[in-house]
Amino acid sequence: MNFKIATRKSKLALVQTDYIIELVKKFHNVECEKVLTDTLGDQRLDVTLDKIGGKGLFIKELEKSILEGKADAGVHSMKDVPYEMPEGFEIAAMPVREDVRDAFVSMNGVKFKDLKTGARVGTSSKRRASQLQVLRPDIEVVPIRGNVQTRIDKIERENLDGIILAAAGLKRLDMESIITDYFDPSDMVPAIGQGALGIEVHENCRNLEIFKTLDNPLVRICVEAERSFMRELKGDCNCTIGAYGTLHGDTLNLVGIYEVQGNLVKDSVSGNKKDYMKLGKELAEKILTRGQENE
């Protein structure tokens, strides 16, 4: 018996899928093979994601492979998974979460705080762009898309002073050495689920229980709290949204940002980790109320 795991073709996606394949082999002694898929999100690099359907474009083709019986499961970066999933699908496991921080990669090793006025910094994310403008209103944000290597190449090609990428991806690709510096998550609130991997299956998956054994409850509590926040606000790549949950014993701390009426609002909540879904909703309501008060 072997499992078929659907994945995108990018180097990072393949590295992440190999990690999951190793887990399956380690804990269940089952071999897996990769089912490579092309996604519209990977093919259309000429336009922003919100113009062609959002981050869900990265997972639709993988779900199609699962529905057609070509794959048993798909591996995703959780930050690419919309809050609404197609009927019958679920995230069976979130086994691991890497560094959640955003990282700055500069042209000549110049740290973010030392960038000159008018410096050009590339990012495809509204979340990053909005927070960049708060941290450094004197710099220019330039939209860029593509896989990690493509974006790094664009630093020189598009005469940028630097770009912002997820630290998790760079670390998984053994490219940590190119990071100039890291953003503190309280200054640059990460994307929902940033750094976490998810294994998606259909409810009819005959190996569902095996995949579920790979779940890490501590990762799931934090990511599901963030996704609860996103769900309450109906957040997607058309809006500016981010959240980050941390556990300290039985206490879950959740920080979030959301743009309300053109203003970026940041707030936080804390509570018992067993109430993680309620805490996400509570934070959303708190931020909406604050945003309306500031109108």
# chains A, B, ... in the order shown; residues from 1 in each chain; ligands from 1
call {"tool": "residues_around", "arguments": {"residues": "Tyr182 of chain A", "least_positions_apart": "3", "cutoff": "12 Å", "atoms": "only C-alpha atoms", "output": "PyMOL selection string"}}
result
chain A and resi 99-106+111-113+163-168+170+176-179+185-190
call {"tool": "write_last_selection", "arguments": {"atoms": "N, CA and C atoms", "output": "PDB file, in the first residue's frame"}}
result
ATOM      1  N   ASP A  99       8.834  29.033  11.869  1.00  0.00           N
ATOM      2  CA  ASP A  99       8.918  30.439  12.248  1.00  0.00           C
ATOM      3  C   ASP A  99       7.779  31.228  11.584  1.00  0.00           C
ATOM      4  N   VAL A 100       6.995  31.941  12.371  1.00  0.00           N
ATOM      5  CA  VAL A 100       5.834  32.664  11.817  1.00  0.00           C
ATOM      6  C   VAL A 100       6.205  34.040  11.262  1.00  0.00           C
ATOM      7  N   ARG A 101       7.416  34.484  11.521  1.00  0.00           N
ATOM      8  CA  ARG A 101       7.768  35.871  11.213  1.00  0.00           C
ATOM      9  C   ARG A 101       7.927  36.145   9.718  1.00  0.00           C
ATOM     10  N   ASP A 102       7.728  37.409   9.361  1.00  0.00           N
ATOM     11  CA  ASP A 102       8.098  37.886   8.032  1.00  0.00           C
ATOM     12  C   ASP A 102       9.566  38.286   8.090  1.00  0.00           C
ATOM     13  N   ALA A 103      10.243  38.114   6.957  1.00  0.00           N
ATOM     14  CA  ALA A 103      11.674  38.407   6.903  1.00  0.00           C
ATOM     15  C   ALA A 103      11.958  39.426   5.813  1.00  0.00           C
ATOM     16  N   PHE A 104      12.973  40.245   6.036  1.00  0.00           N
ATOM     17  CA  PHE A 104      13.399  41.239   5.053  1.00  0.00           C
ATOM     18  C   PHE A 104      14.690  40.760   4.396  1.00  0.00           C
ATOM     19  N   VAL A 105      14.664  40.729   3.069  1.00  0.00           N
ATOM     20  CA  VAL A 105      15.844  40.350   2.284  1.00  0.00           C
ATOM     21  C   VAL A 105      16.229  41.572   1.461  1.00  0.00           C
ATOM     22  N   SER A 106      17.409  42.117   1.725  1.00  0.00           N
ATOM     23  CA  SER A 106      17.768  43.370   1.064  1.00  0.00           C
ATOM     24  C   SER A 106      18.812  43.163  -0.021  1.00  0.00           C
ATOM     25  N   LYS A 111      19.870  46.865   6.559  1.00  0.00           N
ATOM     26  CA  LYS A 111      18.739  46.487   7.407  1.00  0.00           C
ATOM     27  C   LYS A 111      17.537  47.386   7.122  1.00  0.00           C
ATOM     28  N   PHE A 112      16.353  46.852   7.415  1.00  0.00           N
ATOM     29  CA  PHE A 112      15.112  47.566   7.108  1.00  0.00           C
ATOM     30  C   PHE A 112      15.096  48.963   7.729  1.00  0.00           C
ATOM     31  N   LYS A 113      15.498  49.054   8.979  1.00  0.00           N
ATOM     32  CA  LYS A 113      15.443  50.361   9.667  1.00  0.00           C
ATOM     33  C   LYS A 113      16.430  51.364   9.071  1.00  0.00           C
ATOM     34  N   ILE A 163      12.956  42.916  -0.438  1.00  0.00           N
ATOM     35  CA  ILE A 163      11.621  42.309  -0.509  1.00  0.00           C
ATOM     36  C   ILE A 163      11.298  41.692   0.855  1.00  0.00           C
ATOM     37  N   ILE A 164      10.010  41.404   1.048  1.00  0.00           N
ATOM     38  CA  ILE A 164       9.582  40.734   2.278  1.00  0.00           C
ATOM     39  C   ILE A 164       9.035  39.355   1.928  1.00  0.00           C
ATOM     40  N   LEU A 165       9.519  38.353   2.636  1.00  0.00           N
ATOM     41  CA  LEU A 165       9.094  36.972   2.431  1.00  0.00           C
ATOM     42  C   LEU A 165       8.806  36.341   3.791  1.00  0.00           C
ATOM     43  N   ALA A 166       8.096  35.219   3.778  1.00  0.00           N
ATOM     44  CA  ALA A 166       7.869  34.480   5.021  1.00  0.00           C
ATOM     45  C   ALA A 166       9.163  33.780   5.417  1.00  0.00           C
ATOM     46  N   ALA A 167       9.563  33.955   6.668  1.00  0.00           N
ATOM     47  CA  ALA A 167      10.781  33.295   7.147  1.00  0.00           C
ATOM     48  C   ALA A 167      10.664  31.778   7.025  1.00  0.00           C
ATOM     49  N   ALA A 168       9.461  31.253   7.234  1.00  0.00           N
ATOM     50  CA  ALA A 168       9.263  29.801   7.210  1.00  0.00           C
ATOM     51  C   ALA A 168       9.704  29.195   5.882  1.00  0.00           C
ATOM     52  N   LEU A 170      11.799  30.411   3.614  1.00  0.00           N
ATOM     53  CA  LEU A 170      13.245  30.522   3.430  1.00  0.00           C
ATOM     54  C   LEU A 170      13.981  29.477   4.270  1.00  0.00           C
ATOM     55  N   GLU A 176      18.023  30.499   4.864  1.00  0.00           N
ATOM     56  CA  GLU A 176      17.972  31.431   5.989  1.00  0.00           C
ATOM     57  C   GLU A 176      19.116  32.453   5.932  1.00  0.00           C
ATOM     58  N   SER A 177      20.233  32.056   5.318  1.00  0.00           N
ATOM     59  CA  SER A 177      21.418  32.927   5.299  1.00  0.00           C
ATOM     60  C   SER A 177      21.198  34.219   4.513  1.00  0.00           C
ATOM     61  N   ILE A 178      20.183  34.248   3.633  1.00  0.00           N
ATOM     62  CA  ILE A 178      19.964  35.476   2.845  1.00  0.00           C
ATOM     63  C   ILE A 178      19.090  36.483   3.588  1.00  0.00           C
ATOM     64  N   ILE A 179      18.534  36.099   4.740  1.00  0.00           N
ATOM     65  CA  ILE A 179      17.666  37.008   5.498  1.00  0.00           C
ATOM     66  C   ILE A 179      18.506  38.124   6.119  1.00  0.00           C
ATOM     67  N   PRO A 185       6.725  39.867  15.276  1.00  0.00           N
ATOM     68  CA  PRO A 185       5.316  39.624  14.939  1.00  0.00           C
ATOM     69  C   PRO A 185       4.354  40.679  15.486  1.00  0.00           C
ATOM     70  N   SER A 186       4.777  41.426  16.499  1.00  0.00           N
ATOM     71  CA  SER A 186       3.901  42.476  17.024  1.00  0.00           C
ATOM     72  C   SER A 186       3.977  43.736  16.154  1.00  0.00           C
ATOM     73  N   ASP A 187       5.067  43.886  15.381  1.00  0.00           N
ATOM     74  CA  ASP A 187       5.192  45.017  14.459  1.00  0.00           C
ATOM     75  C   ASP A 187       4.630  44.680  13.079  1.00  0.00           C
ATOM     76  N   MET A 188       4.880  43.457  12.635  1.00  0.00           N
ATOM     77  CA  MET A 188       4.382  42.977  11.348  1.00  0.00           C
ATOM     78  C   MET A 188       3.600  41.704  11.647  1.00  0.00           C
ATOM     79  N   VAL A 189       2.303  41.865  11.934  1.00  0.00           N
ATOM     80  CA  VAL A 189       1.469  40.712  12.302  1.00  0.00           C
ATOM     81  C   VAL A 189       1.432  39.741  11.118  1.00  0.00           C
ATOM     82  N   PRO A 190       1.752  38.468  11.348  1.00  0.00           N
ATOM     83  CA  PRO A 190       1.826  37.496  10.249  1.00  0.00           C
ATOM     84  C   PRO A 190       0.467  37.193   9.617  1.00  0.00           C
TER      85      PRO A 190
END
call {"tool": "residues_around", "arguments": {"residues": "segment 66-75 of chain A", "least_positions_apart": "6", "cutoff": "9 Å", "atoms": "only C-alpha atoms", "output": "number ranges by chain"}}
result
A: 3-8, 13, 16-17, 20, 34-35, 59, 197-202, 205-208, 211
call {"tool": "select_by_dssp", "arguments": {"residues": "segment 83-289 of chain A", "states": "strand (DSSP E or B)", "output": "JSON, numbers by chain"}}
result
{"A": [89, 90, 91, 92, 93, 97, 102, 103, 104, 105, 106, 120, 121, 122, 140, 141, 142, 162, 163, 164, 165, 166, 181, 182, 196, 197, 198, 199, 200, 201, 202, 241, 242, 243, 244, 245, 246, 247, 248, 251, 252, 253, 254, 255, 256, 257, 258, 259, 260, 263, 264, 265, 266, 267, 268, 269, 270, 271, 272]}
call {"tool": "atom_distance", "arguments": {"atom1": "atom CA of Lys212 of chain A", "atom2": "atom CA of Gly242 of chain A"}}
result
26.7 Å
call {"tool": "select_by_dssp", "arguments": {"residues": "segment 121-270 of chain A", "states": "helix (DSSP H, G or I)", "output": "ChimeraX atom specification"}}
result
/A:126-135,148-157,167-172,176-178,208-212,217-233
call {"tool": "write_last_selection", "arguments": {"atoms": "C-alpha atoms", "output": "PDB file, in the first residue's frame"}}
result
ATOM      1  CA  LYS A 126      -1.789  43.830   1.201  1.00  0.00           C
ATOM      2  CA  ARG A 127      -1.169  42.818   4.822  1.00  0.00           C
ATOM      3  CA  ARG A 128       2.569  43.427   4.521  1.00  0.00           C
ATOM      4  CA  ALA A 129       2.157  46.572   2.423  1.00  0.00           C
ATOM      5  CA  SER A 130      -0.217  48.209   4.938  1.00  0.00           C
ATOM      6  CA  GLN A 131       2.023  47.431   7.893  1.00  0.00           C
ATOM      7  CA  LEU A 132       5.098  48.579   5.966  1.00  0.00           C
ATOM      8  CA  GLN A 133       3.458  51.943   5.440  1.00  0.00           C
ATOM      9  CA  VAL A 134       2.878  52.221   9.193  1.00  0.00           C
ATOM     10  CA  LEU A 135       6.475  51.256  10.028  1.00  0.00           C
ATOM     11  CA  VAL A 148      10.538  32.475  -3.615  1.00  0.00           C
ATOM     12  CA  GLN A 149      13.392  32.349  -6.137  1.00  0.00           C
ATOM     13  CA  THR A 150      11.491  34.474  -8.677  1.00  0.00           C
ATOM     14  CA  ARG A 151      10.884  37.173  -6.081  1.00  0.00           C
ATOM     15  CA  ILE A 152      14.505  37.140  -4.977  1.00  0.00           C
ATOM     16  CA  ASP A 153      15.598  37.540  -8.613  1.00  0.00           C
ATOM     17  CA  LYS A 154      13.292  40.546  -8.921  1.00  0.00           C
ATOM     18  CA  ILE A 155      15.329  42.487  -6.328  1.00  0.00           C
ATOM     19  CA  GLU A 156      18.003  43.087  -8.938  1.00  0.00           C
ATOM     20  CA  ARG A 157      15.819  42.911 -12.038  1.00  0.00           C
ATOM     21  CA  ALA A 167      10.781  33.295   7.147  1.00  0.00           C
ATOM     22  CA  ALA A 168       9.263  29.801   7.210  1.00  0.00           C
ATOM     23  CA  GLY A 169       9.661  29.296   3.467  1.00  0.00           C
ATOM     24  CA  LEU A 170      13.245  30.522   3.430  1.00  0.00           C
ATOM     25  CA  LYS A 171      14.148  28.246   6.337  1.00  0.00           C
ATOM     26  CA  ARG A 172      12.527  25.223   4.706  1.00  0.00           C
ATOM     27  CA  GLU A 176      17.972  31.431   5.989  1.00  0.00           C
ATOM     28  CA  SER A 177      21.418  32.927   5.299  1.00  0.00           C
ATOM     29  CA  ILE A 178      19.964  35.476   2.845  1.00  0.00           C
ATOM     30  CA  LEU A 208      -8.414   9.600   7.014  1.00  0.00           C
ATOM     31  CA  GLU A 209      -7.596   8.235  10.481  1.00  0.00           C
ATOM     32  CA  ILE A 210      -3.951   7.693   9.563  1.00  0.00           C
ATOM     33  CA  PHE A 211      -3.586  11.306   8.442  1.00  0.00           C
ATOM     34  CA  LYS A 212      -5.364  12.514  11.591  1.00  0.00           C
ATOM     35  CA  PRO A 217      -2.955  19.899  18.783  1.00  0.00           C
ATOM     36  CA  LEU A 218      -0.893  22.931  19.854  1.00  0.00           C
ATOM     37  CA  VAL A 219      -0.410  24.037  16.251  1.00  0.00           C
ATOM     38  CA  ARG A 220      -4.090  23.459  15.509  1.00  0.00           C
ATOM     39  CA  ILE A 221      -5.307  25.512  18.490  1.00  0.00           C
ATOM     40  CA  CYS A 222      -3.329  28.574  17.385  1.00  0.00           C
ATOM     41  CA  VAL A 223      -4.103  28.262  13.666  1.00  0.00           C
ATOM     42  CA  GLU A 224      -7.806  27.537  14.191  1.00  0.00           C
ATOM     43  CA  ALA A 225      -8.073  30.567  16.489  1.00  0.00           C
ATOM     44  CA  GLU A 226      -6.558  32.704  13.730  1.00  0.00           C
ATOM     45  CA  ARG A 227      -8.888  31.137  11.147  1.00  0.00           C
ATOM     46  CA  SER A 228     -11.877  31.784  13.428  1.00  0.00           C
ATOM     47  CA  PHE A 229     -10.856  35.462  13.427  1.00  0.00           C
ATOM     48  CA  MET A 230     -10.602  35.376   9.618  1.00  0.00           C
ATOM     49  CA  ARG A 231     -13.955  33.585   9.248  1.00  0.00           C
ATOM     50  CA  GLU A 232     -15.782  36.118  11.421  1.00  0.00           C
ATOM     51  CA  LEU A 233     -14.419  38.969   9.267  1.00  0.00           C
TER      52      LEU A 233
END
call {"tool": "residues_around", "arguments": {"residues": "Ile287 of chain A", "least_positions_apart": "2", "cutoff": "9 Å", "atoms": "only C-alpha atoms", "output": "list in words"}}
result
Gly256, Ile257, Tyr258, Val260, Val265, Lys266, Asp267, Ser268, Glu282, Leu283, Ala284, Glu285, Thr289, Arg290, Gly291 and Gln292 of chain A
call {"tool": "write_last_selection", "arguments": {"atoms": "C-alpha atoms", "output": "PDB file, in the first residue's frame"}}
result
ATOM      1  CA  GLY A 256      -4.880  40.548  14.992  1.00  0.00           C
ATOM      2  CA  ILE A 257      -4.992  43.356  12.441  1.00  0.00           C
ATOM      3  CA  TYR A 258      -7.795  44.283  10.088  1.00  0.00           C
ATOM      4  CA  VAL A 260     -11.799  48.989   8.962  1.00  0.00           C
ATOM      5  CA  VAL A 265      -6.775  48.412  13.513  1.00  0.00           C
ATOM      6  CA  LYS A 266      -4.680  46.154  15.722  1.00  0.00           C
ATOM      7  CA  ASP A 267      -5.826  44.530  18.973  1.00  0.00           C
ATOM      8  CA  SER A 268      -5.447  41.400  21.062  1.00  0.00           C
ATOM      9  CA  GLU A 282     -14.088  37.851  20.153  1.00  0.00           C
ATOM     10  CA  LEU A 283     -10.996  39.484  18.644  1.00  0.00           C
ATOM     11  CA  ALA A 284     -12.833  40.128  15.364  1.00  0.00           C
ATOM     12  CA  GLU A 285     -15.709  41.808  17.202  1.00  0.00           C
ATOM     13  CA  THR A 289     -15.966  47.915  17.348  1.00  0.00           C
ATOM     14  CA  ARG A 290     -12.730  49.861  17.719  1.00  0.00           C
ATOM     15  CA  GLY A 291     -12.638  50.584  13.988  1.00  0.00           C
ATOM     16  CA  GLN A 292     -16.186  51.966  14.032  1.00  0.00           C
TER      17      GLN A 292
END
call {"tool": "atom_distance", "arguments": {"atom1": "atom CA of Lys79 of chain A", "atom2": "atom CA of Asn204 of chain A"}}
result
24.6 Å
call {"tool": "residues_around", "arguments": {"residues": "segment 244-246 of chain A", "least_positions_apart": "2", "cutoff": "6 Å", "atoms": "only C-alpha atoms", "output": "list in words"}}
result
Cys222, Leu252, Asn253, Leu254 and Val255 of chain A
call {"tool": "write_last_selection", "arguments": {"atoms": "N, CA and C atoms", "output": "compact mmCIF listing (two decimals), in the first residue's frame"}}
result
# COMPACT_ATOMS: atom_id res chain seq x y z
N CYS A 222 -3.72 27.22 17.80
CA CYS A 222 -3.33 28.57 17.38
C CYS A 222 -3.86 28.92 15.99
N LEU A 252 -4.12 31.22 25.77
CA LEU A 252 -3.90 31.56 24.36
C LEU A 252 -3.95 33.07 24.21
N ASN A 253 -2.89 33.64 23.65
CA ASN A 253 -2.87 35.07 23.32
C ASN A 253 -3.03 35.19 21.81
N LEU A 254 -3.94 36.05 21.39
CA LEU A 254 -4.22 36.21 19.97
C LEU A 254 -4.17 37.68 19.59
N VAL A 255 -3.28 38.01 18.65
CA VAL A 255 -3.14 39.38 18.15
C VAL A 255 -3.65 39.40 16.72
call {"tool": "atom_distance", "arguments": {"atom1": "atom CA of Asp114 of chain A", "atom2": "atom CA of Val141 of chain A"}}
result
15.9 Å
